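entry18.cif, holding mmCIF, C-alpha atoms:
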```cif
data_my_file
loop_
_atom_site.label_atom_id
_atom_site.label_comp_id
_atom_site.auth_asym_id
_atom_site.auth_seq_id
_atom_site.Cartn_x
_atom_site.Cartn_y
_atom_site.Cartn_z
CA GLN A 1 -27.90 -10.17 25.64
CA GLN A 2 -26.61 -8.72 22.37
CA GLU A 3 -29.70 -6.55 21.86
CA ARG A 4 -29.60 -5.33 25.49
CA VAL A 5 -25.93 -4.35 25.08
CA ARG A 6 -26.64 -2.57 21.82
CA LEU A 7 -29.62 -0.63 23.25
CA ILE A 8 -27.84 0.43 26.43
CA GLY A 9 -24.75 1.34 24.42
CA ARG A 10 -26.85 3.62 22.23
CA HIS A 11 -28.41 5.11 25.39
CA VAL A 12 -24.98 5.86 26.90
CA LEU A 13 -23.80 7.49 23.67
CA ASP A 14 -26.98 9.57 23.43
CA ASN A 15 -26.42 10.82 27.00
CA TRP A 16 -22.64 11.33 26.80
CA PRO A 17 -21.95 14.58 28.68
CA VAL A 18 -19.41 16.03 26.21
CA PRO A 19 -19.28 16.02 22.40
CA LEU A 20 -18.19 12.64 21.01
CA LYS A 21 -15.24 12.50 18.62
CA GLY A 22 -17.16 10.77 15.84
CA TYR A 23 -16.28 7.09 16.19
CA ARG A 24 -18.83 4.64 14.87
CA TYR A 25 -19.42 2.64 18.04
CA ARG A 26 -20.40 -1.02 17.88
CA PHE A 27 -21.14 -3.15 20.92
CA HIS A 28 -20.62 -6.92 20.91
CA VAL A 29 -21.04 -9.83 23.29
CA ILE A 30 -18.36 -12.53 23.35
CA ASP A 31 -19.38 -16.02 24.48
CA GLU A 32 -16.74 -16.29 27.19
CA GLU A 33 -17.13 -17.01 30.91
CA MET A 34 -14.31 -14.68 31.96
CA VAL A 35 -15.55 -11.42 33.51
CA ASN A 36 -14.20 -8.70 31.24
CA ALA A 37 -14.93 -5.84 28.85
CA PHE A 38 -12.59 -4.04 26.46
CA ALA A 39 -12.53 -1.53 23.64
CA VAL A 40 -10.46 -1.29 20.48
CA PRO A 41 -9.38 2.00 18.85
CA THR A 42 -12.06 2.00 16.16
CA GLY A 43 -15.01 2.08 18.55
CA TYR A 44 -15.73 -1.63 18.85
CA ILE A 45 -16.54 -2.44 22.47
CA PHE A 46 -16.73 -6.04 23.66
CA PHE A 47 -18.37 -7.53 26.74
CA THR A 48 -17.94 -11.12 27.78
CA ARG A 49 -20.98 -13.18 28.67
CA GLY A 50 -19.37 -13.64 32.09
CA MET A 51 -19.29 -9.87 32.58
CA LEU A 52 -22.93 -9.49 31.59
CA ASP A 53 -23.99 -12.40 33.79
CA SER A 54 -22.26 -10.78 36.78
CA LEU A 55 -24.13 -7.48 36.42
CA GLU A 56 -27.30 -6.90 38.42
CA THR A 57 -28.59 -3.64 36.92
CA ASP A 58 -28.57 -1.72 33.66
CA GLU A 59 -26.78 1.08 35.53
CA GLU A 60 -23.84 -1.26 36.15
CA LEU A 61 -23.72 -1.96 32.42
CA GLU A 62 -23.90 1.79 31.75
CA ALA A 63 -20.95 2.30 34.12
CA ILE A 64 -18.82 -0.26 32.25
CA MET A 65 -19.85 1.15 28.89
CA ALA A 66 -18.97 4.66 29.99
CA HIS A 67 -15.56 3.41 31.13
CA GLU A 68 -14.86 1.67 27.81
CA ILE A 69 -16.19 4.57 25.72
CA ALA A 70 -13.85 6.83 27.71
CA HIS A 71 -10.92 4.65 26.62
CA VAL A 72 -11.90 5.10 22.97
CA GLU A 73 -12.66 8.82 23.27
CA SER A 74 -9.33 9.39 25.05
CA ARG A 75 -7.56 7.29 22.40
CA HIS A 76 -5.93 5.09 25.03
CA THR A 77 -5.97 1.90 22.96
CA TYR A 78 -4.79 3.71 19.83
CA ARG A 79 -1.83 5.22 21.71
CA GLN A 80 -0.96 1.82 23.13
CA TRP A 81 -1.05 0.25 19.65
CA ARG A 82 0.95 3.14 18.13
CA ASN A 83 3.65 2.85 20.81
CA SER A 84 4.03 -0.88 20.19
CA GLN A 85 4.28 -0.20 16.43
CA ASN A 86 7.04 2.33 17.03
CA VAL A 87 8.98 -0.19 19.12
CA SER A 88 8.59 -2.76 16.34
CA ARG A 89 9.78 -0.30 13.69
CA TRP A 90 12.89 0.67 15.69
CA VAL A 91 13.77 -2.98 16.30
CA GLY A 92 13.56 -3.55 12.52
CA ILE A 93 15.78 -0.53 11.78
CA ALA A 94 18.32 -1.55 14.43
CA SER A 95 18.38 -5.10 13.06
CA ALA A 96 18.94 -3.87 9.51
CA LEU A 97 21.75 -1.57 10.61
CA ALA A 98 23.37 -4.38 12.55
CA GLY A 99 23.29 -6.60 9.46
CA VAL A 100 21.04 -9.24 10.96
CA SER A 101 19.98 -11.99 8.53
CA ASP A 102 16.49 -12.25 7.02
CA THR A 103 15.70 -15.29 9.17
CA VAL A 104 16.56 -13.40 12.34
CA ILE A 105 14.54 -10.39 11.13
CA ASP A 106 11.57 -12.66 10.49
CA ASP A 107 11.94 -14.09 14.01
CA LEU A 108 12.15 -10.55 15.43
CA ALA A 109 9.10 -9.46 13.45
CA THR A 110 7.16 -12.45 14.78
CA ALA A 111 8.29 -11.67 18.32
CA MET A 112 7.29 -8.01 17.92
CA LEU A 113 3.86 -9.00 16.59
CA SER A 114 3.44 -11.23 19.62
CA LEU A 115 4.58 -8.38 21.90
CA THR A 116 2.12 -6.01 20.23
CA THR A 117 -0.71 -8.50 20.74
CA ASN A 118 0.26 -9.05 24.37
CA ILE A 119 0.44 -5.32 25.06
CA PHE A 120 -3.00 -4.83 23.54
CA MET A 121 -4.50 -7.73 25.48
CA ALA A 122 -2.83 -6.75 28.77
CA GLY A 123 -4.96 -3.65 29.14
CA HIS A 124 -4.19 -0.09 29.97
CA GLY A 125 -1.89 1.33 32.61
CA ARG A 126 -3.25 2.52 35.93
CA ASP A 127 -3.26 6.20 34.88
CA ARG A 128 -5.39 5.49 31.83
CA GLU A 129 -7.68 3.26 33.86
CA ARG A 130 -8.14 6.02 36.43
CA GLU A 131 -8.90 8.51 33.66
CA ALA A 132 -11.54 6.17 32.20
CA ASP A 133 -12.96 5.66 35.71
CA MET A 134 -13.24 9.44 36.15
CA PHE A 135 -15.06 9.77 32.80
CA ALA A 136 -17.43 6.98 33.83
CA SER A 137 -18.05 8.71 37.16
CA PHE A 138 -18.65 12.00 35.34
CA TYR A 139 -21.14 10.27 33.02
CA LEU A 140 -22.99 8.64 35.94
CA THR A 141 -23.13 11.96 37.84
CA HIS A 142 -24.38 13.72 34.71
CA ARG A 143 -27.19 11.13 34.54
CA ASP A 144 -27.98 11.59 38.28
CA ILE A 145 -27.17 7.93 38.90
CA GLY A 146 -24.15 8.37 41.18
CA ASP A 147 -21.04 6.21 41.54
CA GLN A 148 -22.60 3.17 43.23
CA PRO A 149 -22.96 1.13 39.99
CA LEU A 150 -19.29 1.77 39.16
CA GLU A 151 -18.25 0.75 42.68
CA ASN A 152 -20.37 -2.42 42.39
CA VAL A 153 -18.66 -3.33 39.12
CA PHE A 154 -15.20 -2.80 40.68
CA LYS A 155 -16.12 -5.17 43.52
CA LYS A 156 -17.30 -7.80 41.03
CA LEU A 157 -14.14 -7.48 38.96
CA LYS A 158 -11.96 -7.74 42.06
CA PHE A 159 -13.86 -10.79 43.25
CA SER A 160 -13.60 -12.40 39.81
CA THR A 161 -9.87 -11.68 39.56
CA ASP A 162 -9.21 -12.87 43.10
CA ALA A 163 -11.18 -16.07 42.45
CA VAL A 164 -9.07 -16.84 39.38
CA ASN A 165 -5.77 -15.69 40.91
CA PRO A 166 -6.04 -15.47 44.72
CA PHE A 167 -2.40 -14.34 45.01
CA GLY A 168 -2.69 -11.64 42.35
CA GLY A 169 -2.95 -7.91 42.81
CA GLY A 170 -6.75 -7.56 42.73
CA GLY A 171 -9.25 -6.43 40.17
CA GLY A 172 -9.55 -3.63 37.69
CA LEU A 173 -11.00 -3.14 34.25
#
```
Take the structure from the file and write it as structure tokens.
Amino acid sequence: QQERVRLIGRHVLDNWPVPLKGYRYRFHVIDEEMVNAFAVPTGYIFFTRGMLDSLETDEELEAIMAHEIAHVESRHTYRQWRNSQNVSRWVGIASALAGVSDTVIDDLATAMLSLTTNIFMAGHGRDREREADMFASFYLTHRDIGDQPLENVFKKLKFSTDAVNPFGGGGGL
């Protein structure tokens, strides 16, 4: 699976419809049953084994890759990380000005690190997801594939999410 992901990732990058910003993309498979894919600001893109096992065609994998590459190219994850860092910095400044003890500052720093991690792991907001979806659609149209693979992936993600949490709000990358 790792080699397939790497080859298709290279193919998507080679066919990207607009100039890339210069990230050094790396594609990795995580041995996890959960159906998911995510990107980090530096161009690392991860796919779970569960995600790959749920896909039926290489075009579906291309659709997911295009979505995740769009997150990196649009700097969504970087902005999310930067915003959480700013919140952490302001909490530290406010604590120092309020004369909070070192122990409390350490506890706040630990809480902020946890918050930063949770924000990163929670995913992007709906607007950023829609933007990445539009880029993926643009990529698929540019390749004369059409949106069907992207729609198939959305259905699989919704099914997977509903199966894990039947009372939740549905799927989404």
Have a look at CA of Val35 (chain A) and CA of Lys155 (chain A) and let me know their distance in Å, one decimal.
-> 11.8 Å
Atomic separation - CA of Leu140 (chain A) relative to CA of Ile30 (chain A), Å | 25.1 Å
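Ranking A:Asp144, A:Asp14, A:Asp31, A:Glu73 by their shortest atom-to-atom distance to Glu131 (chain A), with only C-alpha atoms included, puts A:Glu73 first.
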Given the file shown, enumerate the residues that the PyMOL selection byres ((chain A and resi 43) around 9) captures and present them as a list in words.
->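 That expression, the PyMOL selection byres ((chain A and resi 43) around 9), corresponds here to Tyr23, Arg24, Tyr25, Arg26, Phe27, Ala39, Val40, Pro41, Thr42, Tyr44, Ile45, Ile69, Val72 and Glu73 of chain A.
Restricting the calculation to only C-alpha atoms, the smallest distance between Thr48 (chain A) and any of A:Glu68, A:Glu62, A:Glu33, A:Glu129 is found for A:Glu33.
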Measure the distance from CA of Pro149 (chain A) to CA of Glu60 (chain A) in Å and round it to one decimal.
-> 4.6 Å
Using only C-alpha atoms, which residue out of A:Val18, A:Ile145, A:Met51, A:Val5 lies closest to Glu32 (chain A)?
->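 For Glu32 (chain A), the nearest of the candidates is A:Met51.
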Find, counting all atoms listed in the file, the residue in A:Gln148, A:Gln2, A:Asn36, A:Asn15 that gets nearest to Thr57 (chain A).
->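 Once distances to Thr57 (chain A) are computed over all atoms listed in the file, the minimum belongs to A:Gln148.
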Determine the nearest neighbour of Arg10 (chain A) from the options A:Glu56, A:Ala136, A:Met65, A:Val29, counting all atoms listed in the file.
->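 Going through A:Glu56, A:Ala136, A:Met65, A:Val29 one by one, the smallest distance to Arg10 (chain A) is for A:Met65.
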A:Lys21, A:Lys156, A:Arg130, A:His28 ranked by distance to Leu7 (chain A), top pick (using all atoms listed in the file) |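 Checking each of A:Lys21, A:Lys156, A:Arg130, A:His28 against Leu7 (chain A), counting all atoms listed in the file, the winner is A:His28.
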Could you work out an axis-aligned box for region 25-29 of chain A, taking every atom the file lists and adding 4 Å on each side, and report centre and edge lengths in Å to one decimal, as JSON?
```
{"center_x": -20.3, "center_y": -3.6, "center_z": 20.6, "size_x": 9.7, "size_y": 20.5, "size_z": 13.4}
```
